[in-house]
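A.B. asks: Please see the structure below; I have some questions.
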Amino acid sequence: MGLVGVRTAILLSVVPGLLAVAAILYAIRHTGLPRRAQHQPIRLRIRPVMRGELGRLFGAIALFEVGNIAATFFILRATDLLEPGRTTDSAAQIAIALYALYNLAATLASVPAGQLADRATPRRVLAVGVAIFAVAYVAFAVTGASVVVLAVAFIAAGVGIGAVETAEHSAVATLAEESLRGSSFGALAAIQSFGNVAASGIAGLLYTTVSPEAAFLFPAAAMTLAAFSLVLMRR
């Protein structure tokens with residue numbers, strides 16, 4: 001952004017996207033087919049998935065996803081806070097550097113979170129990740145133009161999403177019966193998708209009509225409820 005500007009930077013991001021497509025196509029062509037193919041009718045079973053402890057898990061995940069706003073809100077919040085006394089481009093560059101810290105923290109947290117989920121239970125890792133995310137949102141809501149505090153909030157959010165994204169799938173796989181596993185992961189993807197749309201829509205409305213603080217306190221409340229729901233689940 002500093003060298004070529006915002007538009008050119010976005011245009012250049014197409015290059016790694018095309019490389020990713022090429023890598024996926026290469027992997028598909030060089031992956032061996034299974035020797036025995038099991039043909040089963042395609043059925044999406046919703047009611048059995050939403051019962052018992054698995055249903056309670058999905059309820060907690062739904063609360064989390066309603067608070068899982070797009071990470072672009074982090075960049076927007078940081079840019080708005082840092083812009084006084086700086087140019088818009090300078091504030092945006094710092095915000096994107098902080099976003100890089102977010103991604104680095106998510107990457108570094110994913111592997112130990114997965115190992116911890118294997119040793120303990122995925123539900124506990126999920127609850128801790130959601131709780132860390134809630135703290136990060138509160139920090140985004142109450143902080144001022146402090147790069148250090150913003151960096152802590154970005155890193156905490158990265159650790160939270162690294163733990164949550166790892167533990168969500170593991171928790172569903174642990175609780176779902178083998179015959180319901182496909183439907184369970186389909187339900188998880190649907191909850192994630194619709195939850196993200198609702199979360200970003202509500203946060204955007206609050207950001208523009210109420211205040212940026214409200215836009216972050218709302219998802220913090222949703223994630224707090226999600227963390228309590230996970231803690232109250234039976235082993």
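Ligands are numbered from 1 in the order shown, residues from 1 within each chain, and chains are lettered A, B, ... in the order they appear in the structure tokens.
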Given only C-alpha atoms, how would the per-residue table for range 93-191 of chain A near range 47-71 of chain A read, listing every residue at most 9 Å away with its closest atom pair and distance in Å to one decimal, sorted by chain and number, as JSON lines?

C.D. replies:
{"residue": "A:Tyr99", "atom": "CA", "partner": "A:Ala71", "partner_atom": "CA", "distance": 8.2}
{"residue": "A:Arg123", "atom": "CA", "partner": "A:Leu57", "partner_atom": "CA", "distance": 8.4}
{"residue": "A:Val130", "atom": "CA", "partner": "A:Phe64", "partner_atom": "CA", "distance": 7.1}
{"residue": "A:Phe133", "atom": "CA", "partner": "A:Asn68", "partner_atom": "CA", "distance": 8.8}
{"residue": "A:Ala134", "atom": "CA", "partner": "A:Gly67", "partner_atom": "CA", "distance": 8.8}
{"residue": "A:Glu168", "atom": "CA", "partner": "A:Ile61", "partner_atom": "CA", "distance": 7.7}
{"residue": "A:Ala171", "atom": "CA", "partner": "A:Leu57", "partner_atom": "CA", "distance": 8.1}
{"residue": "A:Val172", "atom": "CA", "partner": "A:Leu54", "partner_atom": "CA", "distance": 7.1}
{"residue": "A:Leu175", "atom": "CA", "partner": "A:Leu54", "partner_atom": "CA", "distance": 5.8}
{"residue": "A:Ala176", "atom": "CA", "partner": "A:Leu54", "partner_atom": "CA", "distance": 6.6}
{"residue": "A:Leu180", "atom": "CA", "partner": "A:Val49", "partner_atom": "CA", "distance": 6.9}
{"residue": "A:Arg181", "atom": "CA", "partner": "A:Val49", "partner_atom": "CA", "distance": 8.8}
{"residue": "A:Ser183", "atom": "CA", "partner": "A:Val49", "partner_atom": "CA", "distance": 7.2}
{"residue": "A:Ser184", "atom": "CA", "partner": "A:Val49", "partner_atom": "CA", "distance": 6.0}
{"residue": "A:Ala187", "atom": "CA", "partner": "A:Val49", "partner_atom": "CA", "distance": 8.0}
{"residue": "A:Leu188", "atom": "CA", "partner": "A:Phe58", "partner_atom": "CA", "distance": 7.3}
{"residue": "A:Ile191", "atom": "CA", "partner": "A:Ala62", "partner_atom": "CA", "distance": 6.0}

A.B. asks: Suppose we keep C-alpha atoms; can you now write the selection as an mmCIF file, in the first residue's frame?

C.D. replies:
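File result_30.cif, as written:
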data_model
loop_
_atom_site.group_PDB
_atom_site.id
_atom_site.type_symbol
_atom_site.label_atom_id
_atom_site.label_comp_id
_atom_site.auth_asym_id
_atom_site.auth_seq_id
_atom_site.Cartn_x
_atom_site.Cartn_y
_atom_site.Cartn_z
ATOM 1 C CA TYR A 99 -3.999 -7.374 10.923
ATOM 2 C CA ARG A 123 -15.261 -28.239 24.031
ATOM 3 C CA VAL A 130 -14.467 -17.924 22.583
ATOM 4 C CA PHE A 133 -12.283 -13.510 21.542
ATOM 5 C CA ALA A 134 -14.797 -11.784 23.842
ATOM 6 C CA GLU A 168 -15.266 -26.352 16.333
ATOM 7 C CA ALA A 171 -15.946 -30.977 18.815
ATOM 8 C CA VAL A 172 -18.541 -31.749 16.148
ATOM 9 C CA LEU A 175 -20.094 -35.715 19.401
ATOM 10 C CA ALA A 176 -21.606 -36.678 16.043
ATOM 11 C CA LEU A 180 -24.690 -38.209 11.112
ATOM 12 C CA ARG A 181 -21.187 -36.874 10.581
ATOM 13 C CA SER A 183 -25.032 -33.829 8.087
ATOM 14 C CA SER A 184 -23.324 -32.451 11.197
ATOM 15 C CA ALA A 187 -25.050 -27.939 9.660
ATOM 16 C CA LEU A 188 -21.834 -26.464 11.036
ATOM 17 C CA ILE A 191 -24.430 -21.987 10.958
#

A.B. asks: Using only C-alpha atoms, which protein or nucleic acid residues come within 6 Å of range 164-166 of chain A? Drop anything in the same chain fewer than 2 positions from it, and give the result as a PyMOL selection string.

C.D. replies: chain A and resi 114+126+129+161-162+168

A.B. asks: Just N, CA and C atoms for this one: save the residues we selected as a PDB file, in the first residue's frame.

C.D. replies:
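Full text of part.pdb as output:
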ATOM      1  N   GLY A 114      -5.055 -27.514  18.611  1.00  0.00           N
ATOM      2  CA  GLY A 114      -5.441 -28.852  18.182  1.00  0.00           C
ATOM      3  C   GLY A 114      -4.862 -29.928  19.075  1.00  0.00           C
ATOM      4  N   LEU A 126     -12.593 -24.870  22.804  1.00  0.00           N
ATOM      5  CA  LEU A 126     -13.547 -23.979  22.155  1.00  0.00           C
ATOM      6  C   LEU A 126     -14.009 -22.897  23.119  1.00  0.00           C
ATOM      7  N   GLY A 129     -11.175 -20.380  23.636  1.00  0.00           N
ATOM      8  CA  GLY A 129     -11.020 -19.535  22.458  1.00  0.00           C
ATOM      9  C   GLY A 129     -12.114 -18.490  22.352  1.00  0.00           C
ATOM     10  N   ILE A 161      -9.504 -16.953  17.332  1.00  0.00           N
ATOM     11  CA  ILE A 161     -10.010 -17.596  16.116  1.00  0.00           C
ATOM     12  C   ILE A 161      -9.191 -18.834  15.789  1.00  0.00           C
ATOM     13  N   GLY A 162      -7.888 -18.824  16.103  1.00  0.00           N
ATOM     14  CA  GLY A 162      -7.078 -20.017  15.873  1.00  0.00           C
ATOM     15  C   GLY A 162      -7.555 -21.194  16.700  1.00  0.00           C
ATOM     16  N   GLU A 168     -13.893 -26.191  16.806  1.00  0.00           N
ATOM     17  CA  GLU A 168     -15.266 -26.352  16.333  1.00  0.00           C
ATOM     18  C   GLU A 168     -15.436 -27.679  15.595  1.00  0.00           C
TER      19      GLU A 168
END

A.B. asks: Near Ile132 in chain A, counting only C-alpha atoms, which residues have an atom at most 8 Å away, once you skip same-chain residues fewer than 2 positions from it, shown as a ChimeraX atom specification?

C.D. replies: /A:128-130,134-136,156-157,159-160

A.B. asks: Could you give me, as CSV, a per-residue list for range 115-174 of chain A showing, wherever an atom lies at most 7 Å from an atom of range 206-218 of chain A, the closest pair of atoms and their distance in Å to one decimal, using only C-alpha atoms and sorting by chain then residue number from low to high?

C.D. replies:
residue,atom,partner,partner_atom,distance
A:Tyr137,CA,A:Phe216,CA,5.4
A:Val138,CA,A:Leu217,CA,6.1
A:Phe140,CA,A:Phe216,CA,6.7
A:Ala141,CA,A:Glu213,CA,4.4
A:Val142,CA,A:Glu213,CA,6.8

A.B. asks: Check the smallest atom-to-atom distance from each of A:Phe73, A:Ala220, A:Leu82, A:Arg7 to Gly201 in chain A using only C-alpha atoms, then report the winner.

C.D. replies: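 Result for the nearest residue to Gly201 in chain A: A:Phe73.
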
A.B. asks: From a backbone DSSP assignment, name each residue in range 2-133 of chain A labelled helix (DSSP H, G or I), as a ChimeraX atom specification.

C.D. replies: /A:6-12,14-29,52-67,72-82,88-119,122-133

A.B. asks: Take CA of Phe228 in chain A and CA of Arg119 in chain A and report the distance between them in Å, one decimal.

C.D. replies: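 One can read the CA of Phe228 in chain A to CA of Arg119 in chain A distance as 21.7 Å.
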